[in-house]
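Structure first, then comments.
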Amino acid sequence: MGRWMRMIGMLCLMLTLPGCVNQLDQRPGMIVEEEPITLRIAWWGGEFRNNATIAVIDLYEKLNPHVNIEYEYSSFNEYWRKLAPHAAGNALPDIIQMDISYLSQYSSLQLLEDMTPYMQSGLIDTTDIEKEQLESGSLNGKTYGLSLGVNAMLSIYDPEVLKANDIELPTDTWTWADFDRMGEQLLGKGIYLGTYFTPEQFFAYYLRQYGSKLYAEDGRRLGYEDDGLFIDYFSRMQQLAEKKLIFAPDIWTSDIGQPDNDPFYLGEALFSWGYSNQFISTAQRYGKPLTISPMPGPNSQDGLFLKPGMFFSMAGNSRHKEEAAKFISFFVNDLDANLLLKGERGVPVSSRVKERMKLVVEPELGQVFDYIDWVADNSTQMDPPDPVGAPEVTAVLRELYDLLLFGKITPEQAAVEFRERANAILGGQL
């Protein structure tokens, strides 16, 4: 009992990773006279994802008039805050959008349904989904999430902004040294080198470049032994912040950090960073052609990997598991549904859908498809799902990162503190 309450307490504290800000109250269900079934679904996302997902739900309801789907969406942080009490009360929505950083946490509490039997029976059609994508949502031989799309880390830039600042365009083989040289060319110009580097994502990429990982395979400690890697990476970030070449954390609490004043969208920052599924919404908001580049090397092929954008999981408490399975199968395998979604959760996992979409997609989405194909040939296997306790470790890393960017702590001090606190969290999981 004590372990259960402790784990539920962790869920209530999970406030990691950036998300979008709109939220919709639960929609009233449609009354169906003949054998009505009501499914509940929850996800996090921004305006584009929310509208596209609602359109897919409407399409599914038209094709299956006996099914009514109630939905709710939130920003990323708000989503996990709201989901935690539902988890504690064993009252989760039938279908839950799940992030890889939370998969271990929720499955360890036996809150998620093993989807393997539904795949084996064909209720969830996995005929055209590669084994690697199916395994990405598996833990201990059970499948707790079905990938909704394939993503990879990337750099986004406007070639015209780089040219205007006499910056040479990055190539597929550019490096952190090239990145530093670009920064030197911008000194005194009032132009940022790039937007905020989310520490847990990009430090993990940096570790992979040098043959290490953020977490050990058993999930009970950090996966790297050389604190020099931590010091090297965060020293670069600290120096860039001191030179005002990357955003400091307080930008998001000032007017400049508001969406309409984001320096990247104003042409005042060379690069934006993230995952490939974010490219479409970024390009639409930017309003002018943008280009994709890999993350800086060296050894970018070791740092890069194909990642499930996110999963759909089924709640163990669901009373309509078969209907939930059918909706998930429709979501990943139906061409019309995926044309509405436009790859916003990642390039479709169904090879059949992907190949058919390539014939009709707009140029921006075509760039994403081409980039994912390139990464498939220039990357290594993804790390295992984050261990139980990872959200708490992320919170520690973000705390130290903010202190580093404000110059309140040295990289050497932060390296020691991060190792001590992270290993204490990971080692305390049962």
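Labeling convention for the structure tokens: chains A, B, ... as they appear, residues from 1 per chain, ligands from 1 in order of appearance.
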For this session: Excluding Phe48 of chain A and residues on its chain fewer than 3 positions from it, collect all residues at most 9 Å away from it, counting only C-alpha atoms, and give them as a ChimeraX atom specification.
Result: /A:45,51-53,281,341,344
Go ahead and write the selection's residues with all heavy atoms as a compact mmCIF listing (two decimals), in the first residue's frame.
# COMPACT_ATOMS: atom_id res chain seq x y z
N GLY A 45 -1.96 18.73 -26.28
CA GLY A 45 -1.62 19.23 -27.61
C GLY A 45 -1.96 20.69 -27.78
O GLY A 45 -2.60 21.32 -26.93
N ASN A 51 -7.61 20.32 -33.11
CA ASN A 51 -8.61 20.39 -34.17
C ASN A 51 -8.55 19.16 -35.08
O ASN A 51 -9.59 18.63 -35.48
CB ASN A 51 -8.41 21.66 -35.00
CG ASN A 51 -8.74 22.92 -34.23
OD1 ASN A 51 -9.49 22.88 -33.24
ND2 ASN A 51 -8.19 24.05 -34.64
N ALA A 52 -7.34 18.70 -35.40
CA ALA A 52 -7.21 17.53 -36.26
C ALA A 52 -7.74 16.28 -35.58
O ALA A 52 -8.41 15.44 -36.20
CB ALA A 52 -5.75 17.34 -36.65
N THR A 53 -7.46 16.13 -34.29
CA THR A 53 -7.93 14.96 -33.56
C THR A 53 -9.45 14.96 -33.44
O THR A 53 -10.10 13.91 -33.59
CB THR A 53 -7.28 14.90 -32.17
OG1 THR A 53 -5.86 14.97 -32.29
CG2 THR A 53 -7.65 13.61 -31.45
N SER A 281 3.41 22.55 -37.67
CA SER A 281 2.82 23.68 -36.95
C SER A 281 3.78 24.86 -36.89
O SER A 281 3.36 26.03 -36.97
CB SER A 281 2.41 23.26 -35.54
OG SER A 281 3.51 22.74 -34.81
N LEU A 341 -4.82 14.29 -39.88
CA LEU A 341 -3.80 14.47 -38.84
C LEU A 341 -2.52 15.11 -39.37
O LEU A 341 -1.77 15.74 -38.62
CB LEU A 341 -3.48 13.12 -38.19
CG LEU A 341 -4.64 12.48 -37.41
CD1 LEU A 341 -4.32 11.03 -37.09
CD2 LEU A 341 -4.92 13.26 -36.14
N GLU A 344 1.10 15.18 -37.59
CA GLU A 344 1.44 16.09 -36.49
C GLU A 344 1.94 15.32 -35.26
O GLU A 344 2.67 15.89 -34.45
CB GLU A 344 0.23 16.95 -36.14
CG GLU A 344 0.53 18.17 -35.29
CD GLU A 344 0.56 17.86 -33.81
OE1 GLU A 344 -0.04 16.85 -33.38
OE2 GLU A 344 1.21 18.62 -33.06
For this session: Compile the contact shell of segment 290-294 of chain A as a ChimeraX atom specification: residues with an atom at most 10 Å away, counting only C-alpha atoms, same-chain residues fewer than 5 positions apart removed.
Result: /A:152-160,169-175,271-273,276,279-280,282-284,300-301,304,364,367-368,370-371,374-375,378
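Distance annotation: of A:Met295, A:Ile425, A:Ile37, A:Leu83, the residue with the minimal separation from Phe179 of chain A is A:Met295; atom set is only C-alpha atoms.
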Problem set entry | Which of A:Leu266, A:Val67, A:Val388, A:Ile57 sits closest to Gly428 of chain A [using only C-alpha atoms] | A:Val388
Problem set entry | One-decimal distance in Å that lies between atom CA of Ala422 of chain A and atom CA of Lys244 of chain A |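 We find that atom CA of Lys244 of chain A and atom CA of Ala422 of chain A lie 29.2 Å from each other.
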For this session: Write out as a list in words which residues come within 9 Å of segment 225-227 of chain A when counting only C-alpha atoms, dropping same-chain ones fewer than 4 positions away.
Result: Ser212, Ile231, Asp232, Glu412, Ala415, Val416 and Arg419 of chain A
Now that the selection is made, can you save its residues with N, CA and C atoms as a CSV table (one decimal), in the first residue's frame?
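Written output follows (again-v2.csv):
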chain,number,residue,atom,x,y,z
A,212,SER,N,27.3,7.1,-24.7
A,212,SER,CA,26.7,7.0,-23.4
A,212,SER,C,25.2,7.2,-23.4
A,231,ILE,N,29.8,18.3,-18.0
A,231,ILE,CA,30.5,19.6,-17.9
A,231,ILE,C,30.7,20.2,-19.2
A,232,ASP,N,31.1,19.4,-20.2
A,232,ASP,CA,31.3,20.0,-21.6
A,232,ASP,C,30.0,20.5,-22.2
A,412,GLU,N,30.6,22.2,-13.1
A,412,GLU,CA,31.2,21.2,-12.2
A,412,GLU,C,30.4,20.9,-11.0
A,415,ALA,N,27.2,19.1,-12.1
A,415,ALA,CA,27.4,17.7,-12.5
A,415,ALA,C,27.4,16.8,-11.2
A,416,VAL,N,28.0,17.2,-10.2
A,416,VAL,CA,28.1,16.5,-8.9
A,416,VAL,C,26.7,16.4,-8.3
A,419,ARG,N,24.2,14.1,-10.3
A,419,ARG,CA,24.5,12.7,-10.1
A,419,ARG,C,24.0,12.2,-8.8
For this session: For atom CA of Tyr196 of chain A and atom CA of Val150 of chain A, quote the distance in Å rounded to one decimal.
Result: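 Separation of atom CA of Tyr196 of chain A and atom CA of Val150 of chain A: 23.0 Å.
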Exercise. Using only C-alpha atoms, which residue out of A:Leu335, A:Leu403, A:Ile328, A:Ile54 lies closest to Ser313 of chain A?
Worked result: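 Distance minimum relative to Ser313 of chain A lands on A:Ile328.
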Exercise. So how far away is atom CA of Phe406 of chain A from atom CA of Val161 of chain A, in Å?
Worked result: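 Result for atom CA of Val161 of chain A versus atom CA of Phe406 of chain A: 27.6 Å, one decimal.
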Exercise. Neighbours of Arg398 of chain A within 9 Å (only C-alpha atoms; same-chain residues fewer than 5 positions away dropped), as a PyMOL selection string?
Worked result: chain A and resi 16+198-200+393+403
Those same residues, written as a short mmCIF file (atom, residue, chain, number, x, y, z; two decimals), in the first residue's frame with all heavy atoms?
data_model
loop_
_atom_site.label_atom_id
_atom_site.label_comp_id
_atom_site.auth_asym_id
_atom_site.auth_seq_id
_atom_site.Cartn_x
_atom_site.Cartn_y
_atom_site.Cartn_z
N THR A 16 6.75 17.72 -16.41
CA THR A 16 7.89 17.90 -17.30
C THR A 16 7.48 18.06 -18.73
O THR A 16 6.39 17.70 -19.14
CB THR A 16 8.84 16.70 -17.20
OG1 THR A 16 8.15 15.55 -17.62
CG2 THR A 16 9.33 16.52 -15.79
N THR A 198 15.76 22.18 -24.48
CA THR A 198 15.19 21.42 -23.37
C THR A 198 16.25 20.46 -22.85
O THR A 198 16.71 19.58 -23.59
CB THR A 198 13.95 20.64 -23.83
OG1 THR A 198 13.07 21.53 -24.51
CG2 THR A 198 13.24 20.02 -22.64
N PRO A 199 16.68 20.58 -21.59
CA PRO A 199 17.91 19.91 -21.16
C PRO A 199 17.86 18.39 -21.22
O PRO A 199 18.83 17.76 -21.66
CB PRO A 199 18.11 20.40 -19.72
CG PRO A 199 16.78 20.92 -19.29
CD PRO A 199 16.12 21.43 -20.52
N GLU A 200 16.76 17.78 -20.79
CA GLU A 200 16.74 16.32 -20.75
C GLU A 200 16.78 15.71 -22.15
O GLU A 200 17.30 14.61 -22.34
CB GLU A 200 15.52 15.80 -19.97
CG GLU A 200 14.17 16.01 -20.64
CD GLU A 200 13.59 17.39 -20.44
OE1 GLU A 200 14.29 18.26 -19.84
OE2 GLU A 200 12.45 17.61 -20.86
N VAL A 393 13.73 13.01 -12.03
CA VAL A 393 15.10 13.31 -12.47
C VAL A 393 15.08 14.49 -13.44
O VAL A 393 15.94 15.38 -13.36
CB VAL A 393 15.74 12.07 -13.13
CG1 VAL A 393 17.10 12.42 -13.73
CG2 VAL A 393 15.88 10.94 -12.13
N LEU A 403 19.64 27.30 -13.08
CA LEU A 403 20.69 27.90 -12.27
C LEU A 403 21.96 28.12 -13.10
O LEU A 403 22.64 29.15 -12.96
CB LEU A 403 21.00 27.02 -11.06
CG LEU A 403 19.89 26.90 -10.01
CD1 LEU A 403 20.28 25.87 -8.95
CD2 LEU A 403 19.62 28.25 -9.35
#
Problem set entry | Best match for closeness to Tyr215 of chain A among A:Asn423, A:Gln278, A:Gln239, A:Ser107, counting only C-alpha atoms |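 Counting only C-alpha atoms, the residue closest to Tyr215 of chain A is A:Asn423.
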For this session: Any chance you could list, as an NGL selection string, the residues in segment 91-143 of chain A that come up strand (DSSP E) when DSSP is run on the backbone?
Result: :A and (95-98 or 138-139 or 142-143)
Could you please take those selected residues and save C-alpha atoms as a PDB file, in the first residue's frame?
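What ended up in selection_4.pdb:
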ATOM      1  CA  ILE A  95      -7.807   5.852 -24.317  1.00  0.00           C
ATOM      2  CA  ILE A  96      -4.883   7.863 -23.007  1.00  0.00           C
ATOM      3  CA  GLN A  97      -2.257   9.677 -24.997  1.00  0.00           C
ATOM      4  CA  MET A  98       0.968   8.483 -23.406  1.00  0.00           C
ATOM      5  CA  SER A 138       6.584  -2.665 -24.858  1.00  0.00           C
ATOM      6  CA  LEU A 139       7.914  -3.358 -21.380  1.00  0.00           C
ATOM      7  CA  LYS A 142       3.778  -6.604 -22.706  1.00  0.00           C
ATOM      8  CA  THR A 143       2.609  -3.816 -24.999  1.00  0.00           C
TER       9      THR A 143
END
